[in-house]
file structure_0.cif (mmCIF, C-alpha atoms)
data_input
#
loop_
_atom_site.label_atom_id
_atom_site.label_comp_id
_atom_site.auth_asym_id
_atom_site.auth_seq_id
_atom_site.Cartn_x
_atom_site.Cartn_y
_atom_site.Cartn_z
CA MET U 17 -18.89 15.59 25.21
CA THR U 18 -19.52 11.89 24.55
CA LYS U 19 -18.01 10.56 21.35
CA LYS U 20 -20.19 8.79 18.82
CA ILE U 21 -19.51 5.07 18.74
CA VAL U 22 -19.47 3.81 15.15
CA LYS U 23 -21.33 0.51 14.81
CA VAL U 24 -19.41 -1.82 12.51
CA GLY U 25 -20.36 -4.94 10.58
CA ILE U 26 -17.50 -7.06 9.25
CA ILE U 27 -17.92 -9.23 6.17
CA GLY U 28 -15.56 -12.17 6.54
CA GLN U 29 -13.72 -13.58 9.53
CA GLY U 30 -10.60 -14.91 7.83
CA ARG U 31 -7.02 -13.67 7.84
CA SER U 32 -8.13 -10.11 7.19
CA GLY U 33 -11.59 -9.78 8.74
CA ARG U 34 -10.63 -11.34 12.07
CA ASP U 35 -6.84 -11.15 12.35
CA ILE U 36 -6.54 -7.54 11.13
CA HIS U 37 -9.82 -5.64 11.37
CA GLY U 38 -11.44 -7.43 14.29
CA LYS U 39 -8.20 -7.45 16.26
CA LEU U 40 -7.75 -3.70 15.85
CA LEU U 41 -11.34 -2.56 16.28
CA VAL U 42 -11.65 -4.11 19.75
CA GLN U 43 -8.73 -1.88 20.75
CA LEU U 44 -10.69 1.27 19.86
CA PRO U 45 -13.81 0.97 22.07
CA GLU U 46 -14.21 4.76 22.31
CA HIS U 47 -14.56 4.96 18.53
CA TYR U 48 -15.89 1.65 17.18
CA GLN U 49 -18.07 -1.26 18.23
CA ILE U 50 -18.21 -4.54 16.32
CA THR U 51 -21.97 -5.03 16.20
CA ALA U 52 -22.14 -7.93 13.75
CA VAL U 53 -20.13 -10.17 11.47
CA ALA U 54 -21.00 -12.25 8.44
CA ASP U 55 -19.22 -15.47 7.56
CA SER U 56 -20.37 -18.65 5.86
CA ILE U 57 -18.44 -20.91 8.25
CA PRO U 58 -20.45 -21.66 11.42
CA GLU U 59 -17.35 -22.10 13.59
CA ARG U 60 -16.18 -18.61 12.69
CA GLN U 61 -19.60 -17.21 13.53
CA GLU U 62 -19.46 -18.74 17.00
CA LEU U 63 -15.91 -17.54 17.56
CA ALA U 64 -16.91 -13.98 16.63
CA LYS U 65 -19.82 -14.07 19.06
CA SER U 66 -17.52 -15.08 21.90
CA GLU U 67 -14.69 -12.72 21.00
CA TYR U 68 -16.69 -9.60 20.14
CA GLY U 69 -19.99 -10.14 21.92
CA CYS U 70 -21.75 -9.43 18.62
CA GLN U 71 -24.37 -10.94 16.36
CA ALA U 72 -23.23 -13.32 13.63
CA TYR U 73 -24.84 -14.16 10.30
CA ALA U 74 -24.20 -16.61 7.48
CA SER U 75 -24.34 -13.89 4.78
CA TRP U 76 -23.74 -10.18 4.49
CA GLU U 77 -27.23 -9.71 3.07
CA GLU U 78 -28.73 -11.18 6.25
CA MET U 79 -26.47 -9.05 8.43
CA VAL U 80 -27.40 -5.82 6.66
CA ALA U 81 -31.11 -6.68 6.76
CA HIS U 82 -31.13 -7.21 10.54
CA GLU U 83 -28.64 -4.59 11.78
CA GLU U 84 -28.41 -0.79 11.85
CA LEU U 85 -24.75 -0.31 10.94
CA ASP U 86 -22.69 2.85 10.49
CA LEU U 87 -19.87 1.12 8.60
CA ILE U 88 -19.40 -2.14 6.71
CA VAL U 89 -15.89 -3.58 6.52
CA ASN U 90 -15.68 -5.66 3.34
CA ALA U 91 -13.06 -8.32 4.10
CA SER U 92 -14.56 -10.90 1.76
CA PRO U 93 -12.34 -12.82 -0.71
CA SER U 94 -10.67 -10.48 -3.22
CA HIS U 95 -12.87 -11.28 -6.22
CA GLN U 96 -15.97 -10.41 -4.16
CA HIS U 97 -14.76 -6.95 -3.15
CA PHE U 98 -16.24 -5.15 -6.14
CA PRO U 99 -19.74 -6.67 -6.41
CA ILE U 100 -20.39 -6.58 -2.66
CA THR U 101 -19.06 -3.04 -2.24
CA LEU U 102 -21.11 -1.84 -5.20
CA GLU U 103 -24.30 -3.30 -3.75
CA LEU U 104 -23.61 -1.78 -0.33
CA LEU U 105 -22.93 1.65 -1.80
CA ASN U 106 -26.10 1.45 -3.89
CA ARG U 107 -27.95 0.84 -0.62
CA GLY U 108 -26.41 4.00 0.81
CA LEU U 109 -24.11 2.21 3.28
CA HIS U 110 -20.61 3.42 4.17
CA VAL U 111 -17.92 0.90 3.22
CA LEU U 112 -14.29 0.27 4.09
CA CYS U 113 -13.10 -2.22 1.48
CA GLU U 114 -10.00 -4.36 1.71
CA LYS U 115 -7.47 -4.24 -1.11
CA PRO U 116 -7.57 -4.88 -3.97
CA LEU U 117 -10.60 -2.61 -4.29
CA ALA U 118 -11.47 -3.99 -7.73
CA LYS U 119 -10.02 -5.67 -10.80
CA THR U 120 -10.19 -2.80 -13.30
CA THR U 121 -10.44 0.98 -13.47
CA GLU U 122 -13.90 0.52 -14.99
CA GLU U 123 -15.04 -1.22 -11.81
CA VAL U 124 -13.51 1.53 -9.66
CA ASP U 125 -15.37 4.12 -11.71
CA GLN U 126 -18.63 2.30 -11.00
CA LEU U 127 -17.86 2.34 -7.27
CA ILE U 128 -17.01 6.04 -7.31
CA GLU U 129 -20.21 6.84 -9.21
CA ALA U 130 -22.31 4.88 -6.72
CA SER U 131 -20.61 6.59 -3.79
CA GLU U 132 -21.15 10.06 -5.22
CA ARG U 133 -24.75 9.32 -6.21
CA THR U 134 -25.84 7.95 -2.83
CA GLY U 135 -23.55 9.98 -0.58
CA ALA U 136 -22.14 6.79 0.92
CA ILE U 137 -18.47 6.90 1.88
CA LEU U 138 -16.11 4.61 -0.03
CA ALA U 139 -12.85 4.05 1.86
CA VAL U 140 -10.08 1.61 0.98
CA PHE U 141 -7.85 -0.23 3.43
CA GLN U 142 -4.48 1.09 2.24
CA GLN U 143 -2.91 1.35 5.68
CA SER U 144 0.68 1.37 4.36
CA ARG U 145 0.25 5.09 3.72
CA TYR U 146 0.79 5.38 7.48
CA GLN U 147 3.78 3.03 7.72
CA PRO U 148 6.15 4.85 10.13
CA ALA U 149 9.21 4.20 7.95
CA PHE U 150 7.39 5.54 4.87
CA VAL U 151 6.23 8.64 6.77
CA GLN U 152 9.84 9.29 7.82
CA LEU U 153 11.12 8.60 4.30
CA ARG U 154 8.75 11.24 2.92
CA LYS U 155 9.98 13.74 5.49
CA VAL U 156 13.57 13.18 4.41
CA ILE U 157 12.69 13.58 0.71
CA GLU U 158 10.62 16.70 1.34
CA SER U 159 13.40 18.26 3.42
CA GLY U 160 15.45 18.48 0.22
CA VAL U 161 18.71 17.23 1.78
CA LEU U 162 19.00 14.40 -0.79
CA GLY U 163 18.71 16.86 -3.66
CA ARG U 164 16.69 15.87 -6.73
CA ILE U 165 15.40 12.32 -6.34
CA VAL U 166 16.67 10.20 -9.23
CA GLN U 167 15.43 6.70 -8.37
CA ILE U 168 13.36 5.02 -5.66
CA ASP U 169 13.54 1.25 -5.19
CA PHE U 170 10.84 -0.79 -3.47
CA SER U 171 11.80 -4.43 -2.83
CA TYR U 172 9.13 -6.76 -1.48
CA ASN U 173 11.14 -9.93 -1.86
CA GLY U 174 11.55 -13.34 -0.30
CA PHE U 175 11.62 -17.00 -1.17
CA ALA U 176 8.36 -18.86 -0.69
CA ARG U 177 6.05 -21.27 -2.45
CA ARG U 178 2.32 -20.58 -2.30
CA TRP U 179 -0.69 -22.68 -3.21
CA ASP U 180 -3.78 -20.98 -1.73
CA TRP U 181 -6.72 -19.21 -3.40
CA GLN U 182 -4.77 -15.95 -3.73
CA THR U 183 -2.60 -17.53 -6.44
CA LEU U 184 -5.53 -17.65 -8.87
CA GLN U 185 -6.46 -15.01 -11.43
CA SER U 186 -10.15 -15.88 -11.00
CA ASN U 187 -9.86 -14.74 -7.37
CA ASN U 188 -8.04 -11.50 -8.28
CA GLY U 189 -4.88 -13.15 -7.01
CA GLY U 190 -1.22 -12.72 -7.87
CA SER U 191 1.56 -10.64 -6.34
CA LEU U 192 0.56 -7.35 -7.92
CA MET U 193 -3.06 -7.55 -6.75
CA ASN U 194 -2.22 -8.91 -3.29
CA THR U 195 1.05 -7.29 -2.24
CA GLY U 196 1.27 -4.64 -4.93
CA PRO U 197 -1.33 -2.16 -3.61
CA HIS U 198 0.92 -1.33 -0.64
CA PRO U 199 4.12 -0.30 -2.47
CA LEU U 200 2.09 1.03 -5.40
CA ASP U 201 0.22 3.42 -3.11
CA GLN U 202 3.51 4.62 -1.63
CA ALA U 203 5.25 4.84 -5.00
CA LEU U 204 2.48 6.86 -6.66
CA GLN U 205 2.49 9.30 -3.75
CA LEU U 206 6.20 9.90 -4.32
CA PHE U 207 5.83 10.01 -8.11
CA GLY U 208 3.24 12.78 -7.79
CA ALA U 209 -0.50 12.95 -8.34
CA ASP U 210 -0.37 15.46 -11.20
CA ALA U 211 1.08 13.12 -13.83
CA GLN U 212 0.51 9.60 -15.10
CA PRO U 213 3.65 7.44 -15.14
CA GLU U 214 5.00 5.57 -18.10
CA VAL U 215 5.03 1.87 -17.22
CA MET U 216 7.24 -1.07 -18.12
CA CYS U 217 6.55 -4.41 -16.45
CA ILE U 218 7.85 -7.97 -16.54
CA MET U 219 5.90 -10.77 -14.84
CA ASP U 220 6.71 -14.41 -14.25
CA ARG U 221 5.39 -17.49 -12.46
CA THR U 222 8.20 -18.99 -10.38
CA ASN U 223 7.18 -20.65 -7.12
CA THR U 224 3.40 -20.35 -7.35
CA PHE U 225 1.02 -23.28 -7.79
CA GLY U 226 -1.63 -20.99 -9.31
CA ASP U 227 -2.01 -19.25 -12.66
CA ALA U 228 -1.25 -15.70 -11.48
CA GLU U 229 2.22 -14.15 -11.21
CA ASP U 230 4.51 -14.30 -8.19
CA TYR U 231 7.34 -12.26 -9.72
CA VAL U 232 6.91 -8.63 -10.78
CA LYS U 233 9.51 -6.15 -12.00
CA LEU U 234 7.83 -2.79 -12.49
CA LEU U 235 9.44 0.44 -13.69
CA MET U 236 7.56 3.74 -13.63
CA HIS U 237 9.05 6.96 -14.98
CA GLY U 238 8.11 10.33 -16.38
CA LYS U 239 9.63 13.67 -17.33
CA GLY U 240 10.87 15.46 -14.24
CA ARG U 241 9.92 12.51 -12.00
CA PRO U 242 12.00 9.97 -10.12
CA THR U 243 12.30 6.53 -11.68
CA ILE U 244 10.40 4.01 -9.55
CA ASP U 245 11.88 0.49 -9.51
CA MET U 246 9.49 -1.91 -7.80
CA GLU U 247 10.16 -5.60 -7.39
CA ILE U 248 7.86 -8.17 -5.82
CA SER U 249 9.36 -11.64 -5.92
CA SER U 250 8.79 -15.05 -4.39
CA SER U 251 12.09 -16.37 -5.74
CA SER U 252 14.60 -14.12 -4.00
CA ALA U 253 16.73 -16.17 -1.61
CA PHE U 254 18.79 -13.07 -0.82
CA PRO U 255 16.27 -10.23 -0.62
CA HIS U 256 17.25 -6.58 -0.77
CA GLU U 257 16.28 -3.89 1.71
CA LEU U 258 12.75 -2.54 1.42
CA PHE U 259 13.76 1.03 0.47
CA ASN U 260 16.69 2.47 -1.48
CA ILE U 261 16.68 6.06 -2.72
CA GLN U 262 19.20 7.74 -5.00
CA GLY U 263 19.45 11.52 -5.06
CA THR U 264 21.80 14.13 -6.53
CA ASN U 265 23.06 15.07 -3.06
CA GLY U 266 22.85 11.73 -1.27
CA GLY U 267 20.72 8.69 -0.63
CA LEU U 268 18.63 6.68 1.81
CA HIS U 269 18.25 2.97 2.50
CA GLY U 270 16.59 0.72 5.04
CA ASN U 271 13.48 -1.19 5.96
CA GLY U 272 10.44 -0.82 8.17
CA ASP U 273 12.48 -0.83 11.38
CA LYS U 274 15.46 1.35 10.51
CA LEU U 275 16.44 3.95 7.91
CA GLU U 276 19.77 5.60 7.25
CA TRP U 277 20.53 8.49 4.94
CA LYS U 278 23.60 10.51 4.05
CA TYR U 279 24.01 13.71 2.08
CA PHE U 280 26.31 16.62 1.43
CA LYS U 281 25.53 20.31 1.24
CA SER U 282 26.50 21.82 -2.08
CA GLU U 283 27.92 24.94 -0.48
CA GLU U 284 30.27 22.80 1.62
CA ALA U 285 31.55 20.65 -1.26
CA PRO U 286 34.88 21.36 -2.99
CA GLU U 287 34.51 23.77 -5.86
CA GLN U 288 34.72 21.97 -9.21
CA LYS U 289 34.41 22.82 -12.88
CA LEU U 290 34.37 20.78 -16.08
CA ILE U 291 37.86 20.00 -17.41
CA ARG U 292 38.05 18.77 -20.98
CA GLU U 293 41.75 17.86 -21.00
CA PRO U 294 43.17 14.62 -19.51
CA LEU U 295 43.56 14.67 -15.72
CA PHE U 296 46.93 14.20 -14.01
CA SER U 297 47.90 13.58 -10.40
CA ALA U 298 50.53 15.64 -8.57
CA ASP U 299 53.29 13.31 -9.81
CA GLY U 300 52.20 13.69 -13.40
CA LYS U 301 50.54 10.29 -13.78
CA PRO U 302 47.04 9.80 -15.29
CA ALA U 303 44.25 10.29 -12.73
CA TYR U 304 40.53 9.89 -12.26
CA CYS U 305 38.19 12.48 -10.75
CA SER U 306 38.57 12.21 -7.00
CA GLU U 307 37.33 14.33 -4.12
CA LYS U 308 36.29 13.99 -0.48
CA LEU U 309 32.73 15.13 0.04
CA PRO U 310 31.67 16.36 3.49
CA TRP U 311 29.06 13.65 4.12
CA GLN U 312 26.50 14.04 6.88
CA THR U 313 24.76 10.90 8.13
CA GLU U 314 21.44 10.58 9.95
CA SER U 315 19.28 7.65 10.95
CA TRP U 316 15.84 6.73 12.24
CA GLU U 317 14.62 3.71 14.19
CA LEU U 318 11.09 2.52 14.78
CA ALA U 319 9.75 3.46 18.19
CA ILE U 320 5.99 3.26 18.75
CA PRO U 321 4.56 4.07 22.20
CA GLY U 322 2.48 1.44 23.95
CA GLY U 323 4.31 -1.54 22.53
CA LYS U 324 2.29 -1.56 19.29
CA SER U 325 3.75 -3.10 16.14
CA ALA U 326 4.15 -1.00 13.01
CA PHE U 327 1.25 -2.91 11.45
CA GLU U 328 -1.05 -2.18 14.40
CA HIS U 329 0.04 1.46 14.38
CA MET U 330 -0.75 2.09 10.74
CA THR U 331 -4.04 0.17 10.94
CA GLU U 332 -5.05 2.30 13.90
CA LYS U 333 -4.06 5.50 12.07
CA LEU U 334 -6.29 4.56 9.13
CA TYR U 335 -9.25 3.76 11.34
CA LEU U 336 -8.89 7.00 13.31
CA MET U 337 -8.72 8.93 10.03
CA LEU U 338 -11.85 7.16 8.84
CA TYR U 339 -13.57 7.87 12.16
CA ASP U 340 -13.10 11.61 11.60
CA THR U 341 -14.60 11.25 8.13
CA LEU U 342 -17.60 9.30 9.42
CA THR U 343 -18.34 11.53 12.42
CA GLU U 344 -17.06 14.97 11.42
CA GLY U 345 -17.20 14.90 7.65
CA LYS U 346 -13.46 15.35 7.15
CA GLU U 347 -12.02 14.49 3.76
CA LEU U 348 -10.56 11.02 3.29
CA GLU U 349 -6.77 11.04 3.20
CA ILE U 350 -6.78 7.96 0.95
CA THR U 351 -9.33 8.41 -1.80
CA PRO U 352 -10.86 6.02 -4.35
CA GLN U 353 -9.46 8.28 -7.07
CA GLN U 354 -5.94 7.62 -5.77
CA VAL U 355 -6.61 3.90 -5.67
CA ARG U 356 -7.88 4.10 -9.25
CA ARG U 357 -4.36 5.07 -10.36
CA GLN U 358 -3.07 1.83 -8.87
CA LEU U 359 -5.57 -0.18 -10.91
CA TRP U 360 -4.54 1.72 -14.04
CA VAL U 361 -0.93 0.67 -13.45
CA ILE U 362 -1.93 -2.93 -12.67
CA GLU U 363 -4.04 -3.16 -15.84
CA GLU U 364 -1.13 -1.86 -17.90
CA CYS U 365 1.22 -4.41 -16.31
CA GLN U 366 -1.19 -7.21 -17.15
CA ARG U 367 -1.57 -5.93 -20.71
CA GLN U 368 2.20 -6.08 -21.16
CA ASN U 369 2.33 -9.71 -20.00
CA PRO U 370 -0.07 -11.64 -22.25
CA HIS U 371 1.80 -14.90 -21.53
CA ILE U 372 0.15 -14.74 -18.09
CA TYR U 373 -2.85 -12.47 -18.64
CA ALA U 374 -4.18 -13.59 -22.01
CA LYS U 375 -7.21 -11.64 -23.17
#
call {"tool": "encode", "arguments": {"input": "structure_0.cif", "output": "structure tokens"}}
result
Amino acid sequence: MTKKIVKVGIIGQGRSGRDIHGKLLVQLPEHYQITAVADSIPERQELAKSEYGCQAYASWEEMVAHEELDLIVNASPSHQHFPITLELLNRGLHVLCEKPLAKTTEEVDQLIEASERTGAILAVFQQSRYQPAFVQLRKVIESGVLGRIVQIDFSYNGFARRWDWQTLQSNNGGSLMNTGPHPLDQALQLFGADAQPEVMCIMDRTNTFGDAEDYVKLLMHGKGRPTIDMEISSSSAFPHELFNIQGTNGGLHGNGDKLEWKYFKSEEAPEQKLIREPLFSADGKPAYCSEKLPWQTESWELAIPGGKSAFEHMTEKLYLMLYDTLTEGKELEITPQQVRRQLWVIEECQRQNPHIYAK
């Protein structure tokens, strides 16, 4: 049986539209075909024609008017994501929108309403849900070997100065809007979908030339939930590992290429009980609590068939998931409602930092 080829139109041929979406879609010819692109820069239009063999237009409106498209990839500048996506949904067109989806929860609600009213699919490009290291990390947590999860650290750190359009609030810039959707999506999955976290956030401008933040310290917690410690910094000359998990029976640490975890089994640990009197060693001298736990250590290393990078792998996974939604009606694995929770957290972080986000 011949598969349906989804005809795609891409809005934007910049770092995202060309270097991420275009690059991946040409590798899935049995599923997708880039039929058209829209970009205001003539040189990018010509490059798209030669690279994809597609039509090219100066505006998305012109592209939509002249093409019969099954999916629109909205890779326009961040501040244009909401208005363009809303207009496309109102026209009944399926949309995959780059992150950040919108600026506020109110805008996300408008997008969800338009999607439900017209029956048009609203998908969001949150490919980090399929990051191999994150998938493995979830498996370890769900196995229960680490015990109750106490704290999960996400560190997206480095030292860099930045001066482009994504440093501006007017363009929906800043670290939390640009980088934040990736760890936020992962963190909220681990926190749990059935409760809203309590949020504490500190923001700063350190090495940015714009008016949005480039340092974020975000804590999320709740009764019976792990504490989430997320840091996104452009002023960390000695960055930490991407993941660090603390549990009652062990822990996990690592990055996108390698993870290591160790744990003990309670039934194999020395039997202990609370002692209220001072502790003494065998020679009668004062002593601290001391025991040797039977640690077990395991590890995981990135290994993707076909020589693909982790980024290519998770982008492909998202597009194949979306293909099943478009052609077979399967439920989206990453929903606008889930993304709305991210925007709720981001809005709360901005509210707590009026020195940067003055109302």
call {"tool": "resolve_selection", "arguments": {"input": "structure_0.cif", "expression": "the PyMOL selection byres ((chain U and resi 30) around 12)", "output": "list in words"}}
result
Ile26, Ile27, Gly28, Gln29, Arg31, Ser32, Gly33, Arg34, Asp35, Ile36, His37, Gly38, Lys39, Val53, Ala54, Asp55, Ser56, Ile57, Glu59, Arg60, Gln61, Leu63, Ala64, Asn90, Ala91, Ser92, Pro93 and Ser94 of chain U
call {"tool": "residues_around", "arguments": {"input": "structure_0.cif", "residues": "U:Ala130", "least_positions_apart": "3", "cutoff": "12 Å", "atoms": "all atoms listed in the file", "output": "ChimeraX atom specification"}}
result
/U:98-99,101-111,123-127,133-138,352
call {"tool": "residues_around", "arguments": {"input": "structure_0.cif", "residues": "U:Gln143", "least_positions_apart": "2", "cutoff": "8 Å", "atoms": "all atoms listed in the file", "output": "PyMOL selection string"}}
result
chain U and resi 141+145-147+198+330-331+333-334
call {"tool": "residues_near_point", "arguments": {"input": "structure_0.cif", "point": "(1.8, 7.2, -9.9)", "cutoff": "8 Å", "atoms": "only C-alpha atoms", "output": "number ranges by chain"}}
result
U: 200-201, 203-209, 211-213, 236, 357-358, 361
call {"tool": "closest_atom_pairs", "arguments": {"input": "structure_0.cif", "of": "stretch 268-348 of chain U", "to": "stretch 168-190 of chain U", "cutoff": "12 Å", "atoms": "only C-alpha atoms", "output": "JSON lines"}}
result
{"residue": "U:Leu268", "atom": "CA", "partner": "U:Ile168", "partner_atom": "CA", "distance": 9.3}
{"residue": "U:His269", "atom": "CA", "partner": "U:Asp169", "partner_atom": "CA", "distance": 9.2}
{"residue": "U:Gly270", "atom": "CA", "partner": "U:Phe170", "partner_atom": "CA", "distance": 10.4}
{"residue": "U:Asn271", "atom": "CA", "partner": "U:Ser171", "partner_atom": "CA", "distance": 9.5}
{"residue": "U:Gly272", "atom": "CA", "partner": "U:Tyr172", "partner_atom": "CA", "distance": 11.4}
call {"tool": "closest_residue", "arguments": {"input": "structure_0.cif", "among": "U:Asn194, U:Thr51, U:Gln354, U:Asn265", "to": "U:His95", "atoms": "all atoms listed in the file"}}
result
U:Asn194
call {"tool": "residues_around", "arguments": {"input": "structure_0.cif", "residues": "U:Thr264", "least_positions_apart": "2", "cutoff": "10 Å", "atoms": "all atoms listed in the file", "output": "ChimeraX atom specification"}}
result
/U:161-167,262,266-267,279-280
